[in-house]
$ cat protein.cif   # mmCIF, C-alpha atoms
data_final
loop_
_atom_site.group_PDB
_atom_site.id
_atom_site.type_symbol
_atom_site.label_atom_id
_atom_site.label_comp_id
_atom_site.auth_asym_id
_atom_site.auth_seq_id
_atom_site.Cartn_x
_atom_site.Cartn_y
_atom_site.Cartn_z
ATOM 1 C CA MET W 1 -97.884 51.030 -6.369
ATOM 2 C CA ALA W 2 -96.882 54.534 -7.412
ATOM 3 C CA SER W 3 -99.736 56.843 -8.309
ATOM 4 C CA ARG W 4 -99.553 58.717 -11.568
ATOM 5 C CA GLN W 5 -101.413 61.755 -12.721
ATOM 6 C CA VAL W 6 -104.015 60.762 -15.300
ATOM 7 C CA PRO W 7 -103.931 62.729 -18.551
ATOM 8 C CA LYS W 8 -106.089 65.846 -18.877
ATOM 9 C CA VAL W 9 -109.061 65.420 -21.213
ATOM 10 C CA LEU W 10 -108.965 68.228 -23.759
ATOM 11 C CA LYS W 11 -111.892 67.097 -25.922
ATOM 12 C CA ARG W 12 -114.332 64.174 -26.182
ATOM 13 C CA GLU W 13 -116.389 63.399 -29.277
ATOM 14 C CA VAL W 14 -118.746 60.491 -29.991
ATOM 15 C CA VAL W 15 -117.687 59.070 -33.373
ATOM 16 C CA ALA W 16 -120.043 56.050 -33.486
ATOM 17 C CA GLN W 17 -122.922 54.697 -31.441
ATOM 18 C CA SER W 18 -125.113 51.602 -31.355
ATOM 19 C CA ARG W 19 -127.801 50.324 -29.033
ATOM 20 C CA LEU W 20 -125.133 48.826 -26.704
ATOM 21 C CA LEU W 21 -121.892 50.725 -27.315
ATOM 22 C CA ARG W 22 -120.541 54.208 -27.856
ATOM 23 C CA ILE W 23 -117.139 54.947 -29.422
ATOM 24 C CA GLU W 24 -115.482 58.182 -28.383
ATOM 25 C CA ALA W 25 -112.425 59.983 -29.705
ATOM 26 C CA VAL W 26 -110.663 61.522 -26.705
ATOM 27 C CA ASP W 27 -107.940 64.168 -27.007
ATOM 28 C CA LEU W 28 -105.571 63.903 -24.035
ATOM 29 C CA LYS W 29 -102.648 65.889 -22.652
ATOM 30 C CA PHE W 30 -100.183 63.877 -20.545
ATOM 31 C CA SER W 31 -98.238 65.265 -17.581
ATOM 32 C CA ASN W 32 -95.085 65.491 -19.726
ATOM 33 C CA GLY W 33 -96.871 67.747 -22.249
ATOM 34 C CA GLU W 34 -97.433 65.075 -24.919
ATOM 35 C CA GLN W 35 -100.841 65.129 -26.603
ATOM 36 C CA ARG W 36 -102.571 62.132 -28.180
ATOM 37 C CA GLN W 37 -105.986 61.116 -29.420
ATOM 38 C CA PHE W 38 -107.322 57.779 -28.184
ATOM 39 C CA GLU W 39 -110.476 56.000 -29.229
ATOM 40 C CA ARG W 40 -112.363 54.135 -26.563
ATOM 41 C CA MET W 41 -115.502 52.087 -26.440
ATOM 42 C CA GLN W 42 -117.895 53.011 -23.665
ATOM 43 C CA GLY W 43 -120.233 50.293 -22.443
ATOM 44 C CA SER W 44 -123.584 50.828 -20.790
ATOM 45 C CA GLY W 45 -121.897 51.681 -17.480
ATOM 46 C CA ARG W 46 -124.029 49.077 -15.707
ATOM 47 C CA GLY W 47 -121.371 46.394 -15.613
ATOM 48 C CA ALA W 48 -121.754 42.675 -16.156
ATOM 49 C CA VAL W 49 -121.471 39.415 -14.253
ATOM 50 C CA MET W 50 -120.107 35.925 -14.891
ATOM 51 C CA VAL W 51 -120.783 32.896 -12.694
ATOM 52 C CA VAL W 52 -118.897 29.605 -12.261
ATOM 53 C CA PRO W 53 -121.680 27.211 -11.159
ATOM 54 C CA PHE W 54 -120.755 24.118 -9.119
ATOM 55 C CA VAL W 55 -122.986 21.103 -9.769
ATOM 56 C CA ASP W 56 -121.267 19.408 -6.806
ATOM 57 C CA ASP W 57 -117.826 19.618 -5.169
ATOM 58 C CA GLN W 58 -116.093 18.075 -8.194
ATOM 59 C CA HIS W 59 -118.063 19.362 -11.206
ATOM 60 C CA ILE W 60 -118.756 22.757 -12.749
ATOM 61 C CA MET W 61 -121.288 23.694 -15.409
ATOM 62 C CA LEU W 62 -120.437 25.633 -18.533
ATOM 63 C CA ILE W 63 -122.539 26.696 -21.484
ATOM 64 C CA ARG W 64 -121.833 26.611 -25.186
ATOM 65 C CA GLU W 65 -123.349 29.541 -27.032
ATOM 66 C CA TYR W 66 -122.984 31.443 -30.266
ATOM 67 C CA ALA W 67 -120.338 34.211 -30.178
ATOM 68 C CA ALA W 68 -121.099 36.755 -32.907
ATOM 69 C CA GLY W 69 -117.607 38.293 -32.763
ATOM 70 C CA LEU W 70 -116.030 34.980 -33.800
ATOM 71 C CA HIS W 71 -119.052 33.700 -35.765
ATOM 72 C CA ASP W 72 -118.679 30.395 -33.941
ATOM 73 C CA TYR W 73 -119.773 28.651 -30.749
ATOM 74 C CA GLN W 74 -117.783 29.169 -27.557
ATOM 75 C CA LEU W 75 -117.687 27.301 -24.271
ATOM 76 C CA GLY W 76 -117.821 29.540 -21.200
ATOM 77 C CA PHE W 77 -119.715 30.393 -18.048
ATOM 78 C CA PRO W 78 -123.151 32.005 -17.642
ATOM 79 C CA LYS W 79 -122.862 35.776 -17.981
ATOM 80 C CA GLY W 80 -124.735 38.936 -18.797
ATOM 81 C CA LEU W 81 -125.289 42.623 -18.202
ATOM 82 C CA ILE W 82 -126.512 43.980 -14.894
ATOM 83 C CA ASP W 83 -130.017 45.336 -15.421
ATOM 84 C CA PRO W 84 -130.910 48.831 -14.131
ATOM 85 C CA GLY W 85 -131.617 48.683 -10.402
ATOM 86 C CA GLU W 86 -129.949 45.273 -9.926
ATOM 87 C CA SER W 87 -126.952 44.549 -7.745
ATOM 88 C CA PRO W 88 -124.233 42.312 -9.220
ATOM 89 C CA GLU W 89 -125.472 39.510 -6.936
ATOM 90 C CA GLN W 90 -129.046 39.848 -8.192
ATOM 91 C CA ALA W 91 -127.829 39.871 -11.800
ATOM 92 C CA ALA W 92 -125.743 36.733 -11.171
ATOM 93 C CA GLN W 93 -128.787 34.900 -9.779
ATOM 94 C CA ARG W 94 -130.927 36.038 -12.727
ATOM 95 C CA GLU W 95 -128.340 34.998 -15.321
ATOM 96 C CA LEU W 96 -128.039 31.540 -13.741
ATOM 97 C CA LYS W 97 -131.802 31.093 -13.945
ATOM 98 C CA GLU W 98 -131.992 32.361 -17.530
ATOM 99 C CA GLU W 99 -128.976 30.511 -18.934
ATOM 100 C CA ILE W 100 -128.806 27.191 -17.050
ATOM 101 C CA GLY W 101 -132.183 26.940 -15.311
ATOM 102 C CA PHE W 102 -130.823 27.046 -11.756
ATOM 103 C CA GLY W 103 -130.604 29.498 -8.882
ATOM 104 C CA CYS W 104 -128.103 29.060 -6.073
ATOM 105 C CA GLU W 105 -128.113 29.214 -2.290
ATOM 106 C CA GLN W 106 -124.446 30.240 -2.014
ATOM 107 C CA LEU W 107 -123.002 32.968 -4.229
ATOM 108 C CA SER W 108 -119.375 33.999 -3.609
ATOM 109 C CA ARG W 109 -117.664 36.981 -5.215
ATOM 110 C CA LEU W 110 -114.307 36.157 -6.806
ATOM 111 C CA SER W 111 -113.154 39.467 -8.271
ATOM 112 C CA GLU W 112 -113.925 42.292 -10.671
ATOM 113 C CA VAL W 113 -112.117 42.191 -14.013
ATOM 114 C CA THR W 114 -111.825 44.370 -17.091
ATOM 115 C CA MET W 115 -111.329 43.433 -20.707
ATOM 116 C CA ALA W 116 -108.989 45.452 -22.944
ATOM 117 C CA PRO W 117 -109.092 48.483 -20.597
ATOM 118 C CA GLN W 118 -106.951 50.519 -23.010
ATOM 119 C CA PHE W 119 -109.953 50.586 -25.350
ATOM 120 C CA PHE W 120 -113.023 49.410 -23.435
ATOM 121 C CA SER W 121 -114.577 50.734 -20.219
ATOM 122 C CA ALA W 122 -116.624 47.679 -19.188
ATOM 123 C CA LYS W 123 -116.176 45.831 -15.886
ATOM 124 C CA MET W 124 -117.355 42.345 -14.975
ATOM 125 C CA THR W 125 -117.871 40.876 -11.508
ATOM 126 C CA LEU W 126 -116.994 37.183 -11.246
ATOM 127 C CA PHE W 127 -118.772 34.789 -8.872
ATOM 128 C CA THR W 128 -118.939 31.121 -7.945
ATOM 129 C CA ALA W 129 -122.313 29.524 -7.257
ATOM 130 C CA ARG W 130 -122.954 26.493 -5.054
ATOM 131 C CA SER W 131 -125.997 24.602 -3.831
ATOM 132 C CA LEU W 132 -127.880 24.915 -7.101
ATOM 133 C CA TYR W 133 -131.647 24.413 -7.220
ATOM 134 C CA PRO W 134 -133.950 24.290 -10.279
ATOM 135 C CA ASP W 135 -135.418 27.689 -11.157
ATOM 136 C CA GLN W 136 -135.900 28.725 -14.784
ATOM 137 C CA LEU W 137 -136.396 32.256 -16.105
ATOM 138 C CA VAL W 138 -136.886 33.179 -19.757
ATOM 139 C CA GLY W 139 -133.722 34.768 -21.120
ATOM 140 C CA ASP W 140 -132.899 36.712 -24.266
ATOM 141 C CA GLU W 141 -130.899 34.001 -26.034
ATOM 142 C CA PRO W 142 -132.036 33.270 -29.603
ATOM 143 C CA GLU W 143 -131.662 29.488 -29.105
ATOM 144 C CA PRO W 144 -131.356 27.083 -26.165
ATOM 145 C CA LEU W 145 -127.864 27.049 -24.654
ATOM 146 C CA GLU W 146 -125.987 23.764 -24.430
ATOM 147 C CA LYS W 147 -125.078 22.884 -20.826
ATOM 148 C CA VAL W 148 -121.734 21.141 -20.339
ATOM 149 C CA ILE W 149 -120.708 19.520 -17.048
ATOM 150 C CA TRP W 150 -116.939 19.414 -16.482
ATOM 151 C CA SER W 151 -114.943 17.580 -13.838
ATOM 152 C CA LEU W 152 -112.410 19.587 -11.843
ATOM 153 C CA ASP W 153 -110.063 16.611 -12.340
ATOM 154 C CA GLU W 154 -110.003 17.422 -16.071
ATOM 155 C CA ILE W 155 -109.248 21.152 -15.979
ATOM 156 C CA ASP W 156 -106.165 20.798 -18.191
ATOM 157 C CA GLN W 157 -108.397 19.287 -20.890
ATOM 158 C CA LEU W 158 -110.845 22.187 -20.525
ATOM 159 C CA LEU W 159 -108.044 24.725 -20.913
ATOM 160 C CA ALA W 160 -106.953 22.859 -24.076
ATOM 161 C CA GLN W 161 -110.433 22.984 -25.650
ATOM 162 C CA PRO W 162 -110.333 25.000 -28.890
ATOM 163 C CA ASP W 163 -113.697 26.578 -28.023
ATOM 164 C CA PHE W 164 -112.775 27.591 -24.448
ATOM 165 C CA THR W 165 -110.815 30.740 -25.275
ATOM 166 C CA GLU W 166 -112.711 33.682 -23.814
ATOM 167 C CA ALA W 167 -110.267 35.401 -21.452
ATOM 168 C CA ARG W 168 -112.916 36.243 -18.839
ATOM 169 C CA SER W 169 -113.993 32.587 -18.620
ATOM 170 C CA VAL W 170 -110.374 31.451 -18.347
ATOM 171 C CA ALA W 171 -109.737 34.062 -15.633
ATOM 172 C CA ALA W 172 -112.886 33.007 -13.743
ATOM 173 C CA LEU W 173 -111.814 29.360 -13.898
ATOM 174 C CA LEU W 174 -108.281 30.076 -12.675
ATOM 175 C CA MET W 175 -109.544 32.331 -9.853
ATOM 176 C CA THR W 176 -111.995 29.596 -8.865
ATOM 177 C CA LEU W 177 -109.203 27.004 -8.746
ATOM 178 C CA ARG W 178 -107.089 29.339 -6.645
ATOM 179 C CA GLN W 179 -110.011 29.885 -4.250
ATOM 180 C CA LEU W 180 -110.419 26.100 -3.932
ATOM 181 C CA LYS W 181 -106.765 25.723 -2.870
ATOM 182 C CA LYS W 182 -107.229 28.137 0.057
#
$ encode --input "protein.cif" --output "structure tokens"
Amino acid sequence: MASRQVPKVLKREVVAQSRLLRIEAVDLKFSNGEQRQFERMQGSGRGAVMVVPFVDDQHIMLIREYAAGLHDYQLGFPKGLIDPGESPEQAAQRELKEEIGFGCEQLSRLSEVTMAPQFFSAKMTLFTARSLYPDQLVGDEPEPLEKVIWSLDEIDQLLAQPDFTEARSVAALLMTLRQLKK
């Protein structure tokens, strides 16, 4: 892969901020002399995790939870922000306990992914979890999450579900299936 010189930052200005996000206007000068202003959303910088939990060798567990951006319920995998001082592995264990009421004995890192990196700086580490054991922590969800067990023999049906559309969940599922083939 050829390396390219990143544009020079001429000016950065925060144009909006909330408790979770900061939007910056960034004036850039590219190596060919062109200048542009981009807006980007800066996350907390802590990162996030998502976990594909295996109930057994043939079944995975998903959750259905409210997605404010779509104002609807979405099917996906347990996920959340990494708390200050936590490693991604510790955050993955915590999120499992908060969202599905299980910890795991075997946590395997799949990959790190980004979402809309042209506009958003957040990164998410994807994991699989095996050898689940009951262990519940209180989470920050406003209502109990629905747990959904899915057979690996019916993955095409999962991918066709109208409420299984979040790209990070789809990527985690496909990376998990690829890992299983190895």
$ closest_residue --input "protein.cif" --among "W:Ile23, W:Gln17, W:Leu62, W:Leu28" --to "Ile149 (chain W)" --atoms "only C-alpha atoms"
W:Leu62
$ resolve_selection --input "protein.cif" --expression "the PyMOL selection byres ((chain W and resi 26) around 7)" --output "list in words"
Val9, Lys11, Arg12, Glu13, Glu24, Ala25, Asp27, Leu28, Gln37, Phe38 and Glu39 of chain W
$ resolve_selection --input "protein.cif" --expression "the PyMOL selection byres ((chain W and resi 76) around 10)" --output "ChimeraX atom specification"
/W:50-52,61-65,73-75,77-79,147-148,163-170,172-173
$ closest_residue --input "protein.cif" --among "W:Ala122, W:Arg178, W:Glu95, W:Gly85" --to "Leu20 (chain W)" --atoms "only C-alpha atoms"
W:Ala122
$ atom_distance --input "protein.cif" --atom1 "CA of Tyr133 (chain W)" --atom2 "CA of Ala91 (chain W)"
16.6 Å
$ atom_distance --input "protein.cif" --atom1 "CA of Pro117 (chain W)" --atom2 "CA of Arg46 (chain W)"
15.7 Å
$ residues_near_point --input "protein.cif" --point "(-119.0, 41.4, -7.8)" --cutoff "9 Å" --atoms "all atoms listed in the file" --output "list in words"
Ala48, Val49, Ser87, Pro88, Glu89, Ala92, Ser108, Arg109, Leu110, Ser111, Glu112, Met124, Thr125, Leu126 and Phe127 of chain W
$ resolve_selection --input "protein.cif" --expression "the PyMOL selection byres ((chain W and resi 135-144) around 12)" --output "list in words"
Ile63, Arg64, Glu65, Tyr66, Ala67, Ala68, Pro78, Lys79, Gly80, Leu81, Gln93, Arg94, Glu95, Leu96, Lys97, Glu98, Glu99, Ile100, Gly101, Phe102, Gly103, Cys104, Glu105, Leu132, Tyr133, Pro134, Leu145, Glu146 and Lys147 of chain W
$ closest_residue --input "protein.cif" --among "W:Ser18, W:Gln106, W:Ser31, W:Ser131" --to "Val6 (chain W)" --atoms "all atoms listed in the file"
W:Ser31
$ closest_residue --input "protein.cif" --among "W:Lys8, W:Gly43, W:Arg22, W:Asn32" --to "Met115 (chain W)" --atoms "only C-alpha atoms"
W:Gly43
$ atom_distance --input "protein.cif" --atom1 "CA of Leu180 (chain W)" --atom2 "CA of Gln157 (chain W)"
18.4 Å
$ build_atoms --input "protein.cif" --residues "region 67-78 of chain W" --atoms "all heavy atoms" --output "PDB file, in the frame of the given file"
ATOM      1  N   ALA W  67    -121.111  32.986 -30.410  1.00  0.00           N
ATOM      2  CA  ALA W  67    -120.338  34.211 -30.178  1.00  0.00           C
ATOM      3  C   ALA W  67    -120.239  34.957 -31.508  1.00  0.00           C
ATOM      4  O   ALA W  67    -119.490  34.550 -32.400  1.00  0.00           O
ATOM      5  CB  ALA W  67    -118.952  33.875 -29.639  1.00  0.00           C
ATOM      6  N   ALA W  68    -121.017  36.024 -31.642  1.00  0.00           N
ATOM      7  CA  ALA W  68    -121.099  36.755 -32.907  1.00  0.00           C
ATOM      8  C   ALA W  68    -119.747  37.304 -33.363  1.00  0.00           C
ATOM      9  O   ALA W  68    -119.456  37.337 -34.554  1.00  0.00           O
ATOM     10  CB  ALA W  68    -122.116  37.887 -32.795  1.00  0.00           C
ATOM     11  N   GLY W  69    -118.911  37.734 -32.401  1.00  0.00           N
ATOM     12  CA  GLY W  69    -117.607  38.293 -32.763  1.00  0.00           C
ATOM     13  C   GLY W  69    -116.715  37.300 -33.491  1.00  0.00           C
ATOM     14  O   GLY W  69    -115.930  37.681 -34.356  1.00  0.00           O
ATOM     15  N   LEU W  70    -116.829  36.033 -33.160  1.00  0.00           N
ATOM     16  CA  LEU W  70    -116.030  34.980 -33.800  1.00  0.00           C
ATOM     17  C   LEU W  70    -116.822  34.220 -34.858  1.00  0.00           C
ATOM     18  O   LEU W  70    -116.265  33.412 -35.586  1.00  0.00           O
ATOM     19  CB  LEU W  70    -115.535  33.972 -32.751  1.00  0.00           C
ATOM     20  CG  LEU W  70    -114.598  34.517 -31.686  1.00  0.00           C
ATOM     21  CD1 LEU W  70    -114.272  33.431 -30.668  1.00  0.00           C
ATOM     22  CD2 LEU W  70    -113.327  35.064 -32.313  1.00  0.00           C
ATOM     23  N   HIS W  71    -118.136  34.448 -34.906  1.00  0.00           N
ATOM     24  CA  HIS W  71    -119.052  33.700 -35.765  1.00  0.00           C
ATOM     25  C   HIS W  71    -118.841  32.196 -35.582  1.00  0.00           C
ATOM     26  O   HIS W  71    -118.602  31.444 -36.520  1.00  0.00           O
ATOM     27  CB  HIS W  71    -118.907  34.100 -37.237  1.00  0.00           C
ATOM     28  CG  HIS W  71    -119.972  33.512 -38.118  1.00  0.00           C
ATOM     29  ND1 HIS W  71    -121.315  33.689 -37.887  1.00  0.00           N
ATOM     30  CD2 HIS W  71    -119.875  32.714 -39.219  1.00  0.00           C
ATOM     31  CE1 HIS W  71    -121.997  33.039 -38.811  1.00  0.00           C
ATOM     32  NE2 HIS W  71    -121.151  32.439 -39.622  1.00  0.00           N
ATOM     33  N   ASP W  72    -118.874  31.793 -34.308  1.00  0.00           N
ATOM     34  CA  ASP W  72    -118.679  30.395 -33.941  1.00  0.00           C
ATOM     35  C   ASP W  72    -119.268  30.191 -32.546  1.00  0.00           C
ATOM     36  O   ASP W  72    -119.658  31.152 -31.886  1.00  0.00           O
ATOM     37  CB  ASP W  72    -117.187  30.053 -33.942  1.00  0.00           C
ATOM     38  CG  ASP W  72    -116.926  28.573 -34.151  1.00  0.00           C
ATOM     39  OD1 ASP W  72    -117.893  27.778 -34.190  1.00  0.00           O
ATOM     40  OD2 ASP W  72    -115.742  28.205 -34.269  1.00  0.00           O
ATOM     41  N   TYR W  73    -119.289  28.962 -32.087  1.00  0.00           N
ATOM     42  CA  TYR W  73    -119.773  28.651 -30.749  1.00  0.00           C
ATOM     43  C   TYR W  73    -118.596  28.600 -29.784  1.00  0.00           C
ATOM     44  O   TYR W  73    -117.527  28.108 -30.130  1.00  0.00           O
ATOM     45  CB  TYR W  73    -120.548  27.333 -30.754  1.00  0.00           C
ATOM     46  CG  TYR W  73    -121.902  27.509 -31.387  1.00  0.00           C
ATOM     47  CD1 TYR W  73    -122.056  27.448 -32.771  1.00  0.00           C
ATOM     48  CD2 TYR W  73    -123.015  27.790 -30.613  1.00  0.00           C
ATOM     49  CE1 TYR W  73    -123.298  27.646 -33.355  1.00  0.00           C
ATOM     50  CE2 TYR W  73    -124.263  27.987 -31.194  1.00  0.00           C
ATOM     51  CZ  TYR W  73    -124.389  27.916 -32.563  1.00  0.00           C
ATOM     52  OH  TYR W  73    -125.615  28.127 -33.136  1.00  0.00           O
ATOM     53  N   GLN W  74    -118.812  29.131 -28.584  1.00  0.00           N
ATOM     54  CA  GLN W  74    -117.783  29.169 -27.557  1.00  0.00           C
ATOM     55  C   GLN W  74    -118.310  28.553 -26.270  1.00  0.00           C
ATOM     56  O   GLN W  74    -119.484  28.695 -25.933  1.00  0.00           O
ATOM     57  CB  GLN W  74    -117.367  30.618 -27.261  1.00  0.00           C
ATOM     58  CG  GLN W  74    -116.474  31.226 -28.316  1.00  0.00           C
ATOM     59  CD  GLN W  74    -115.057  30.705 -28.218  1.00  0.00           C
ATOM     60  OE1 GLN W  74    -114.368  30.939 -27.236  1.00  0.00           O
ATOM     61  NE2 GLN W  74    -114.629  29.987 -29.242  1.00  0.00           N
ATOM     62  N   LEU W  75    -117.400  27.893 -25.567  1.00  0.00           N
ATOM     63  CA  LEU W  75    -117.687  27.301 -24.271  1.00  0.00           C
ATOM     64  C   LEU W  75    -117.273  28.312 -23.205  1.00  0.00           C
ATOM     65  O   LEU W  75    -116.175  28.876 -23.265  1.00  0.00           O
ATOM     66  CB  LEU W  75    -116.874  26.012 -24.137  1.00  0.00           C
ATOM     67  CG  LEU W  75    -117.157  25.082 -22.982  1.00  0.00           C
ATOM     68  CD1 LEU W  75    -118.590  24.608 -22.989  1.00  0.00           C
ATOM     69  CD2 LEU W  75    -116.203  23.886 -23.065  1.00  0.00           C
ATOM     70  N   GLY W  76    -118.141  28.584 -22.249  1.00  0.00           N
ATOM     71  CA  GLY W  76    -117.821  29.540 -21.200  1.00  0.00           C
ATOM     72  C   GLY W  76    -118.810  29.416 -20.063  1.00  0.00           C
ATOM     73  O   GLY W  76    -119.561  28.436 -19.974  1.00  0.00           O
ATOM     74  N   PHE W  77    -118.844  30.409 -19.215  1.00  0.00           N
ATOM     75  CA  PHE W  77    -119.715  30.393 -18.048  1.00  0.00           C
ATOM     76  C   PHE W  77    -120.906  31.332 -18.258  1.00  0.00           C
ATOM     77  O   PHE W  77    -120.819  32.271 -19.053  1.00  0.00           O
ATOM     78  CB  PHE W  77    -118.928  30.802 -16.799  1.00  0.00           C
ATOM     79  CG  PHE W  77    -117.837  29.826 -16.451  1.00  0.00           C
ATOM     80  CD1 PHE W  77    -116.502  30.156 -16.621  1.00  0.00           C
ATOM     81  CD2 PHE W  77    -118.156  28.562 -15.985  1.00  0.00           C
ATOM     82  CE1 PHE W  77    -115.502  29.248 -16.312  1.00  0.00           C
ATOM     83  CE2 PHE W  77    -117.162  27.640 -15.678  1.00  0.00           C
ATOM     84  CZ  PHE W  77    -115.830  27.981 -15.840  1.00  0.00           C
ATOM     85  N   PRO W  78    -122.004  31.102 -17.547  1.00  0.00           N
ATOM     86  CA  PRO W  78    -123.151  32.005 -17.642  1.00  0.00           C
ATOM     87  C   PRO W  78    -122.729  33.446 -17.330  1.00  0.00           C
ATOM     88  O   PRO W  78    -121.953  33.688 -16.403  1.00  0.00           O
ATOM     89  CB  PRO W  78    -124.120  31.469 -16.579  1.00  0.00           C
ATOM     90  CG  PRO W  78    -123.753  30.027 -16.423  1.00  0.00           C
ATOM     91  CD  PRO W  78    -122.263  29.981 -16.628  1.00  0.00           C
TER      92      PRO W  78
END
